[in-house]
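Presented below is the structure to which this report refers.
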Amino acid sequence: MLNGSIVSSASRPSRKGLLVQLMGYFGRRFVIGVPMLFLLAIFALPFLVVFKISVSEMEGVRFLDLITVQDGLLQIKLKFSNYQTIFFNDDLYLRAYLSSVWFAALTTVICLAIGYPFAYFLARSRPEIRPALLMLLMLPFWTSFLLRVYAWKMLLADNGVFNNVAMALGVLSEPIKMMNTPFSLTLGMVYTYLPFMVLPLYANLVKLDIRLLEAARDLGATPWQAFWRITVPLSRSGIIAGALLVFIPCVGEFVIPELLGGPETLMIGRVLWDEFFSNNDWPMASSVAVVMVLLIIVPLALFNKYQAESAQGSGK
Amino acid sequence: MAVVAQQMARQAAGTAAVPFLQIVSVVKQFGDAVAVDSVSLTIGKGEIFALLGSSGCGKSTLLRMLGGFEVPTSGQILLEGLDLVRLPPDERPVNMMFQSYALFPHLTVWDNVAFGLRRDGLPKDEISARVEKMLEMVLLKPYAKRKPHQLSGGQQQRVALARSLVKRPKLLLLDEPLGALDKKLRERTQLEVVDIIHQVGVTCVMVTHDQEEAMTMATRIGVMSEGKILQVGRPGDIYETPNCTFVADFIGSVNLFKGRVTVDEADHVIVDTPECRHYVSHGITGTPDMEVQIAVRPEKIGIQEGPPTAQDYDNPAELGFNCARGTIRDLAYLGSQTIYHVVLDSGTVVKVTKANDARHDEVKLASGDSVHVWWWGSDLVVLIQ
């Protein structure tokens, strides 16, 4: 009697459970499927097209088919000479990549150095004024990015505002060359990308439990030690997110080097532009683009893996 | 073992209270609001002192001032004669166990406990010896490599305790030490924590809103309300002789009768209330015709069907106890005891608890029954405030 009741009561919900499980299984698939399709349509497919172009041969303005069937002969033609050129024959590309990575890294470090205290005080400010401060941070986005970068040209030029004011005040006897230097390029990139560093850091730091800092102080840590031992390690995910948001677009940046970097600055975005629109060499340009994407994806994947592992460690 | 140690400490605290920690007219204001209103306390070495009060009474603010997280608006905090007020938290010989623990989530149990010792720059082998000993004491040695989120609530609580004790502070502060645990675990942990504190021999100030926790753990209790300390005393003193209605009502439950003093003798007083004429077997400081309240604990009231005496109820001085008639409105059987709500003839509802030392079947009283309730003249307290 007792046994029977247990069996029947246990088997009924399990049948129902199976249906629910199946629905849950497909439902979950479906929910994940939507963003997957989206990514496939706007990222994977275009990337494949770019990759296809990068290994295609051109005849005049027409791309030759990669796969041809003629007289029962299947031919697949992949032209990899562009990649050969990038990696072995012409050091222009590698130098451009390295220089891009260098400027992106420099920008990231400077953004972090400025953005961290910025985000810290934003997160520690009185809650009533935080929305206003955040608004100020985002206010520049209301003006066209192009205009804002262009404005730096006026400020930094030999007869621009800074030089003129400095000379009028007698600080300088002759103008300093600021435009079209690594300085102006880095300044422009830091200026443009700083909010992308501050926002994830702010979102992270504002959640930090003040009592952890009090506990550290209580256990004998100076404010400085509490900052380095508690605040910085706990904001690591914010630092990584901010660094990626600055580093990745900086590597491929085209407009800022074009406007502020002058003709001498070598960055991969400009090389890409030249291949497309000056040389009209689409396969070459596509190869450069493919290598650039790989260059960005590899560190991103490594970071992701590292973060997933450390997240498992700290349970976040 | 724990209980014996506790009793010994209680006796010690009762007989010779060495002024170890002195809080001298400490005031803390936040803008116009007075969080702590001129509090003075003296706490002896080895005591476990509980600040008891409901939320917002200023007890946590007082504790935070001891820890160095708030600066008093005025007043002094002396630890063995040293004024702590100007010292930042990291320079005080004081450690705090925070409410819900504030364990460092990115550090292992071991590193959490070692954090304070490392800040002191102690040699490595001393740090590991002390951390190991501490983890052994709180039974967490096998968990040393885990992160806080991988521990249960009770284990986290023990890590927090270990972390605050490992630096051997002169004064340990506990902020709602067991508030985050469920009831069963809390009751068991209360005595464990007291046991560990006595093993270490540290003086302790704790904050709690739970009167049972305060009474189980503390040698002395200070009841706080609206920034003021209302009464300080051993748990028994506070329960049996509260000095005001707030304390009487806050600690345990109590029946209050409002009335006037009609006879004021040196050895007894008579207080007339609408319920009955109260005989109080001790004198009070007051004037005749003064308005007072009589407080009687529910478990001190007897309840029975028949009258407790054949004599006249209106002359309690001769009986030595006070009686009233009423009807049981409802009752709650709680297993170990039964709670009766009795409506007296005057309309006042009296709460009576009766220990169920006999089987429930034998308790004949039921809802709607007419009953007599009575309590000794020595079992009540006259409250002037």
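Naming scheme: A, B, ... for chains in displayed order of the structure tokens; residues 1 onward per chain; ligands 1 onward as shown.
Using only C-alpha atoms, we find that the part of chain B lying within 6 Å of chain A comprises Pro89, Asp90, Asn95, Ala102, His106, Gly116 and Arg119 of chain B.
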Write out as number ranges by chain which residues come within 12 Å of Ile23 in chain B when counting only C-alpha atoms, dropping same-chain ones fewer than 4 positions away. B: 19, 27, 36, 38-44, 62-63, 65-66, 72, 74-85, 205, 229
For the selection just defined, write its residues with C-alpha atoms to a file, as a compact mmCIF listing (two decimals), in the first residue's frame.
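Result file is result-v5.txt:
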```txt
# COMPACT_ATOMS: atom_id res chain seq x y z
CA PRO B 19 37.83 49.60 34.21
CA VAL B 27 27.83 61.85 21.48
CA VAL B 36 24.29 58.34 20.15
CA SER B 38 25.82 61.09 25.71
CA VAL B 39 26.58 57.45 26.43
CA SER B 40 28.91 56.53 29.30
CA LEU B 41 29.90 52.95 29.99
CA THR B 42 32.63 51.12 31.84
CA ILE B 43 33.50 47.64 30.70
CA GLY B 44 35.76 45.34 32.62
CA LEU B 62 28.47 53.21 19.07
CA LEU B 63 30.24 50.01 17.99
CA MET B 65 33.01 54.46 17.01
CA LEU B 66 34.85 51.81 19.04
CA PRO B 72 32.41 60.86 18.00
CA SER B 74 32.22 64.69 21.49
CA GLY B 75 33.32 62.43 24.32
CA GLN B 76 36.17 60.04 25.00
CA ILE B 77 36.80 56.35 24.43
CA LEU B 78 39.57 55.10 26.70
CA LEU B 79 41.08 51.63 26.32
CA GLU B 80 43.38 50.99 29.28
CA GLY B 81 43.63 54.76 29.63
CA LEU B 82 44.58 55.35 25.97
CA ASP B 83 42.19 57.63 24.10
CA LEU B 84 41.16 55.86 20.91
CA VAL B 85 39.12 58.68 19.39
CA VAL B 205 31.59 44.27 22.96
CA ILE B 229 21.57 53.57 27.41
```
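The residue set within 8 Å of range 129-140 of chain B, counting only C-alpha atoms and dropping same-chain residues fewer than 5 places from it, reads Trp110, Val113, Ala114, Gln155, Arg158, Val159, Ala162, Leu165, Val166 and Ile196 of chain B.
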How would the residues just picked look written out with N, CA and C atoms as a short mmCIF file (atom, residue, chain, number, x, y, z; two decimals), in the first residue's frame?
```cif
data_model
loop_
_atom_site.label_atom_id
_atom_site.label_comp_id
_atom_site.auth_asym_id
_atom_site.auth_seq_id
_atom_site.Cartn_x
_atom_site.Cartn_y
_atom_site.Cartn_z
N TRP B 110 42.39 30.84 4.22
CA TRP B 110 43.71 31.05 4.81
C TRP B 110 44.15 32.51 4.65
N VAL B 113 42.29 34.98 6.82
CA VAL B 113 42.71 34.99 8.22
C VAL B 113 44.11 35.62 8.35
N ALA B 114 44.96 35.37 7.34
CA ALA B 114 46.34 35.86 7.41
C ALA B 114 46.45 37.35 7.07
N GLN B 155 30.13 28.28 8.47
CA GLN B 155 31.59 28.26 8.26
C GLN B 155 32.12 29.66 8.01
N ARG B 158 32.55 31.45 11.13
CA ARG B 158 33.74 31.06 11.89
C ARG B 158 35.01 31.64 11.28
N VAL B 159 35.03 31.77 9.94
CA VAL B 159 36.18 32.43 9.31
C VAL B 159 36.27 33.87 9.80
N ALA B 162 37.58 33.93 13.26
CA ALA B 162 39.01 33.63 13.28
C ALA B 162 39.81 34.84 12.80
N LEU B 165 40.06 37.43 15.46
CA LEU B 165 40.76 37.05 16.70
C LEU B 165 42.26 36.83 16.49
N VAL B 166 42.66 36.56 15.23
CA VAL B 166 44.02 36.09 15.00
C VAL B 166 45.06 37.16 15.35
N ILE B 196 34.91 30.06 22.41
CA ILE B 196 36.14 30.48 21.72
C ILE B 196 36.65 31.80 22.31
#
```
In Å, rounded to a single decimal, give me how far CA of Lys305 in chain A is from CA of Pro142 in chain B. 29.2 Å
Which residue is closest to Gly368 in chain B? Choose from B:Ser346, B:Gly326, B:Val382, B:Asp37 and count only C-alpha atoms. B:Gly326
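Separating CA of Leu147 in chain A from CA of Pro182 in chain A is a distance of 20.2 Å.
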Distance of CA of Pro242 in chain B from CA of Ile339 in chain B, expressed in Å to one decimal place: 22.3 Å
